[in-house]
Amino acid sequence: MTERYPVPDLNTLPEDIRARILEVQDKAGFIPNVFLAFARRPAEWRAFFAYHDALMLKEEGSLTKGEREMIVVATSSANQCLYCVVAHGAILRIHEKKPLVTDQVAVNYRKAEITPRQRAMLDFALKVCQRSSEIEEADFQRLYPHGFDDEDIWDIAAITAFFGLSNRMASFAGMMPNPEFYLMGRLPREKKA
């Protein structure tokens with residue numbers, strides 16, 4: 001973060017936020033910068049992560065975790081958000097078990113090694129991201145043959161919109177990706193002894 005918006009000390013945070021951050025640190029081996037950056041405003045942190053979890057961790061619907069992350073990477077790239085492309089790109093590589101997919105999706109998903117279903121999903125997400133006022137019935141009709149229903153389409157739009165907020169907050173505040181994100185999912189994970 002920046003001097004203007006310094007991250008709070010972990011030990012000064014409300015217990016529920018501190019516990020969640022320590023849980024993430026235990027699982028990942030580090031604290032992603034977004035967790036501390038947003039913790040400077042506890043009520044907003046709680047709302048942000050509640051909505052994040054509702055969208056990204058839900059079990060209902062046909063979107064896979066990898067597809068959800070693919071939406072984040074493609075739309076964050078369109079919004080030029082370094083933090084979200086790098087951080088969610090790492091998660092995308094892990095979920096898809098493809099070390100090259102993030103770079104392809106971030107630069108030009110139309111040339112990426114993804115399925116026709118995923119391309120249709122990203123076509124829709126990018127239209128929501130860049131020209132949501134132009135969404136029309138034909139956009140929905142292009143998704144149905146790929147197995148998406150109206151609830152899945154809502155998820156695509158909601159993920160896109162939520163990360164539009166996240167992208168803008170991360171960019172304006174100068175949030176930088178943790179160095180650990182750059183190699184995650186690119187190399188085989190070291191086995192613990």
# chains A, B, ... in the order shown; residues from 1 in each chain; ligands from 1

$ closest_atom_pairs --of "stretch 29-73 of chain A" --to "stretch 158-181 of chain A" --cutoff "7 Å" --atoms "only C-alpha atoms" --output "Markdown table"
| residue | atom | partner | partner_atom | distance |
| --- | --- | --- | --- | --- |
| A:Pro32 | CA | A:Asn178 | CA | 6.3 |
| A:Asn33 | CA | A:Asn178 | CA | 6.4 |
| A:Leu55 | CA | A:Ile159 | CA | 6.4 |
| A:Ile71 | CA | A:Thr160 | CA | 6.7 |
| A:Val72 | CA | A:Phe163 | CA | 6.5 |

$ residues_around --residues "stretch 102-117 of chain A" --least-positions-apart "5" --cutoff "7 Å" --atoms "only C-alpha atoms" --output "ChimeraX atom specification"
/A:73-74,77,89,92-93,146

$ residues_around --residues "A:Asp149" --least-positions-apart "3" --cutoff "12 Å" --atoms "only C-alpha atoms" --output "compact mmCIF listing (two decimals) with C-alpha atoms, in the first residue's frame"
# COMPACT_ATOMS: atom_id res chain seq x y z
CA GLU A 60 -24.58 -23.94 -6.72
CA GLY A 61 -24.64 -23.35 -10.45
CA SER A 62 -22.58 -24.70 -13.28
CA LEU A 63 -19.60 -22.33 -13.03
CA MET A 121 -18.65 -16.85 -20.84
CA PHE A 140 -28.28 -14.43 -23.14
CA GLN A 141 -29.19 -16.61 -26.10
CA ARG A 142 -25.51 -17.09 -26.98
CA LEU A 143 -24.86 -18.56 -23.51
CA TYR A 144 -27.70 -21.12 -23.27
CA PRO A 145 -26.23 -23.63 -25.78
CA HIS A 146 -23.10 -23.78 -23.58
CA ASP A 152 -25.25 -18.81 -14.04
CA ILE A 153 -25.49 -15.71 -16.20
CA TRP A 154 -26.32 -13.65 -13.10
CA ASP A 155 -23.17 -15.10 -11.48
CA ILE A 156 -21.03 -14.11 -14.48

$ atom_distance --atom1 "atom CA of A:Ala50" --atom2 "atom CA of A:Ala78"
24.5 Å

$ closest_residue --among "A:Ile17, A:Leu100, A:Ile31, A:Met70" --to "A:Phe49" --atoms "only C-alpha atoms"
A:Ile17

$ closest_residue --among "A:Glu151, A:Glu96, A:Glu3, A:Glu137" --to "A:Gly66" --atoms "only C-alpha atoms"
A:Glu96

$ residues_around --residues "A:Pro99" --least-positions-apart "5" --cutoff "8 Å" --atoms "only C-alpha atoms" --output "ChimeraX atom specification"
/A:93-94,185-187

$ decode --residues "stretch 156-188 of chain A" --atoms "N, CA and C atoms" --output "mmCIF file, in the first residue's frame"
data_model
loop_
_atom_site.group_PDB
_atom_site.id
_atom_site.type_symbol
_atom_site.label_atom_id
_atom_site.label_comp_id
_atom_site.auth_asym_id
_atom_site.auth_seq_id
_atom_site.Cartn_x
_atom_site.Cartn_y
_atom_site.Cartn_z
ATOM 1 N N ILE A 156 -22.058 -14.701 -13.611
ATOM 2 C CA ILE A 156 -21.025 -14.114 -14.481
ATOM 3 C C ILE A 156 -21.041 -12.592 -14.350
ATOM 4 N N ALA A 157 -22.241 -12.013 -14.417
ATOM 5 C CA ALA A 157 -22.361 -10.549 -14.321
ATOM 6 C C ALA A 157 -21.978 -10.048 -12.934
ATOM 7 N N ALA A 158 -22.394 -10.761 -11.887
ATOM 8 C CA ALA A 158 -22.101 -10.320 -10.517
ATOM 9 C C ALA A 158 -20.607 -10.376 -10.221
ATOM 10 N N ILE A 159 -19.951 -11.441 -10.666
ATOM 11 C CA ILE A 159 -18.493 -11.540 -10.471
ATOM 12 C C ILE A 159 -17.801 -10.398 -11.202
ATOM 13 N N THR A 160 -18.224 -10.154 -12.428
ATOM 14 C CA THR A 160 -17.646 -9.065 -13.215
ATOM 15 C C THR A 160 -17.820 -7.725 -12.504
ATOM 16 N N ALA A 161 -19.030 -7.461 -12.036
ATOM 17 C CA ALA A 161 -19.316 -6.182 -11.386
ATOM 18 C C ALA A 161 -18.576 -6.045 -10.057
ATOM 19 N N PHE A 162 -18.566 -7.106 -9.263
ATOM 20 C CA PHE A 162 -17.878 -7.053 -7.973
ATOM 21 C C PHE A 162 -16.392 -6.771 -8.172
ATOM 22 N N PHE A 163 -15.784 -7.450 -9.129
ATOM 23 C CA PHE A 163 -14.359 -7.214 -9.331
ATOM 24 C C PHE A 163 -14.081 -5.893 -10.030
ATOM 25 N N GLY A 164 -15.081 -5.303 -10.664
ATOM 26 C CA GLY A 164 -14.921 -3.931 -11.140
ATOM 27 C C GLY A 164 -14.662 -3.007 -9.962
ATOM 28 N N LEU A 165 -15.410 -3.201 -8.876
ATOM 29 C CA LEU A 165 -15.185 -2.449 -7.632
ATOM 30 C C LEU A 165 -13.796 -2.767 -7.078
ATOM 31 N N SER A 166 -13.493 -4.036 -6.962
ATOM 32 C CA SER A 166 -12.215 -4.452 -6.402
ATOM 33 C C SER A 166 -11.047 -3.899 -7.221
ATOM 34 N N ASN A 167 -11.160 -3.982 -8.553
ATOM 35 C CA ASN A 167 -10.101 -3.468 -9.436
ATOM 36 C C ASN A 167 -9.842 -1.987 -9.196
ATOM 37 N N ARG A 168 -10.904 -1.237 -9.077
ATOM 38 C CA ARG A 168 -10.746 0.204 -8.918
ATOM 39 C C ARG A 168 -10.169 0.569 -7.553
ATOM 40 N N MET A 169 -10.586 -0.150 -6.525
ATOM 41 C CA MET A 169 -10.035 0.107 -5.188
ATOM 42 C C MET A 169 -8.551 -0.265 -5.131
ATOM 43 N N ALA A 170 -8.207 -1.418 -5.683
ATOM 44 C CA ALA A 170 -6.812 -1.859 -5.662
ATOM 45 C C ALA A 170 -5.929 -0.903 -6.464
ATOM 46 N N SER A 171 -6.417 -0.473 -7.618
ATOM 47 C CA SER A 171 -5.613 0.406 -8.468
ATOM 48 C C SER A 171 -5.415 1.787 -7.864
ATOM 49 N N PHE A 172 -6.504 2.392 -7.386
ATOM 50 C CA PHE A 172 -6.365 3.752 -6.857
ATOM 51 C C PHE A 172 -5.509 3.785 -5.598
ATOM 52 N N ALA A 173 -5.573 2.703 -4.802
ATOM 53 C CA ALA A 173 -4.830 2.667 -3.539
ATOM 54 C C ALA A 173 -3.386 2.204 -3.712
ATOM 55 N N GLY A 174 -3.015 1.812 -4.921
ATOM 56 C CA GLY A 174 -1.634 1.381 -5.158
ATOM 57 C C GLY A 174 -1.321 0.002 -4.599
ATOM 58 N N MET A 175 -2.333 -0.861 -4.519
ATOM 59 C CA MET A 175 -2.135 -2.203 -3.972
ATOM 60 C C MET A 175 -1.294 -3.032 -4.944
ATOM 61 N N MET A 176 -0.220 -3.605 -4.443
ATOM 62 C CA MET A 176 0.670 -4.417 -5.266
ATOM 63 C C MET A 176 0.508 -5.897 -4.918
ATOM 64 N N PRO A 177 0.666 -6.769 -5.919
ATOM 65 C CA PRO A 177 0.562 -8.203 -5.650
ATOM 66 C C PRO A 177 1.705 -8.680 -4.757
ATOM 67 N N ASN A 178 1.405 -9.622 -3.897
ATOM 68 C CA ASN A 178 2.467 -10.258 -3.107
ATOM 69 C C ASN A 178 3.388 -11.017 -4.069
ATOM 70 N N PRO A 179 4.694 -11.020 -3.824
ATOM 71 C CA PRO A 179 5.610 -11.748 -4.706
ATOM 72 C C PRO A 179 5.259 -13.238 -4.844
ATOM 73 N N GLU A 180 4.691 -13.821 -3.807
ATOM 74 C CA GLU A 180 4.362 -15.247 -3.830
ATOM 75 C C GLU A 180 3.385 -15.609 -4.949
ATOM 76 N N PHE A 181 2.520 -14.681 -5.316
ATOM 77 C CA PHE A 181 1.517 -14.976 -6.342
ATOM 78 C C PHE A 181 2.127 -15.284 -7.703
ATOM 79 N N TYR A 182 3.275 -14.682 -8.006
ATOM 80 C CA TYR A 182 3.837 -14.802 -9.347
ATOM 81 C C TYR A 182 4.201 -16.232 -9.745
ATOM 82 N N LEU A 183 4.617 -17.044 -8.803
ATOM 83 C CA LEU A 183 5.020 -18.415 -9.132
ATOM 84 C C LEU A 183 3.956 -19.461 -8.820
ATOM 85 N N MET A 184 2.947 -19.106 -8.067
ATOM 86 C CA MET A 184 1.916 -20.080 -7.701
ATOM 87 C C MET A 184 1.273 -20.685 -8.943
ATOM 88 N N GLY A 185 1.193 -22.005 -8.980
ATOM 89 C CA GLY A 185 0.556 -22.700 -10.083
ATOM 90 C C GLY A 185 1.398 -22.804 -11.333
ATOM 91 N N ARG A 186 2.590 -22.231 -11.325
ATOM 92 C CA ARG A 186 3.482 -22.338 -12.491
ATOM 93 C C ARG A 186 4.416 -23.528 -12.354
ATOM 94 N N LEU A 187 4.805 -23.801 -11.130
ATOM 95 C CA LEU A 187 5.736 -24.889 -10.853
ATOM 96 C C LEU A 187 5.061 -25.884 -9.927
ATOM 97 N N PRO A 188 5.472 -27.150 -9.995
ATOM 98 C CA PRO A 188 4.882 -28.123 -9.049
ATOM 99 C C PRO A 188 5.107 -27.661 -7.620
#
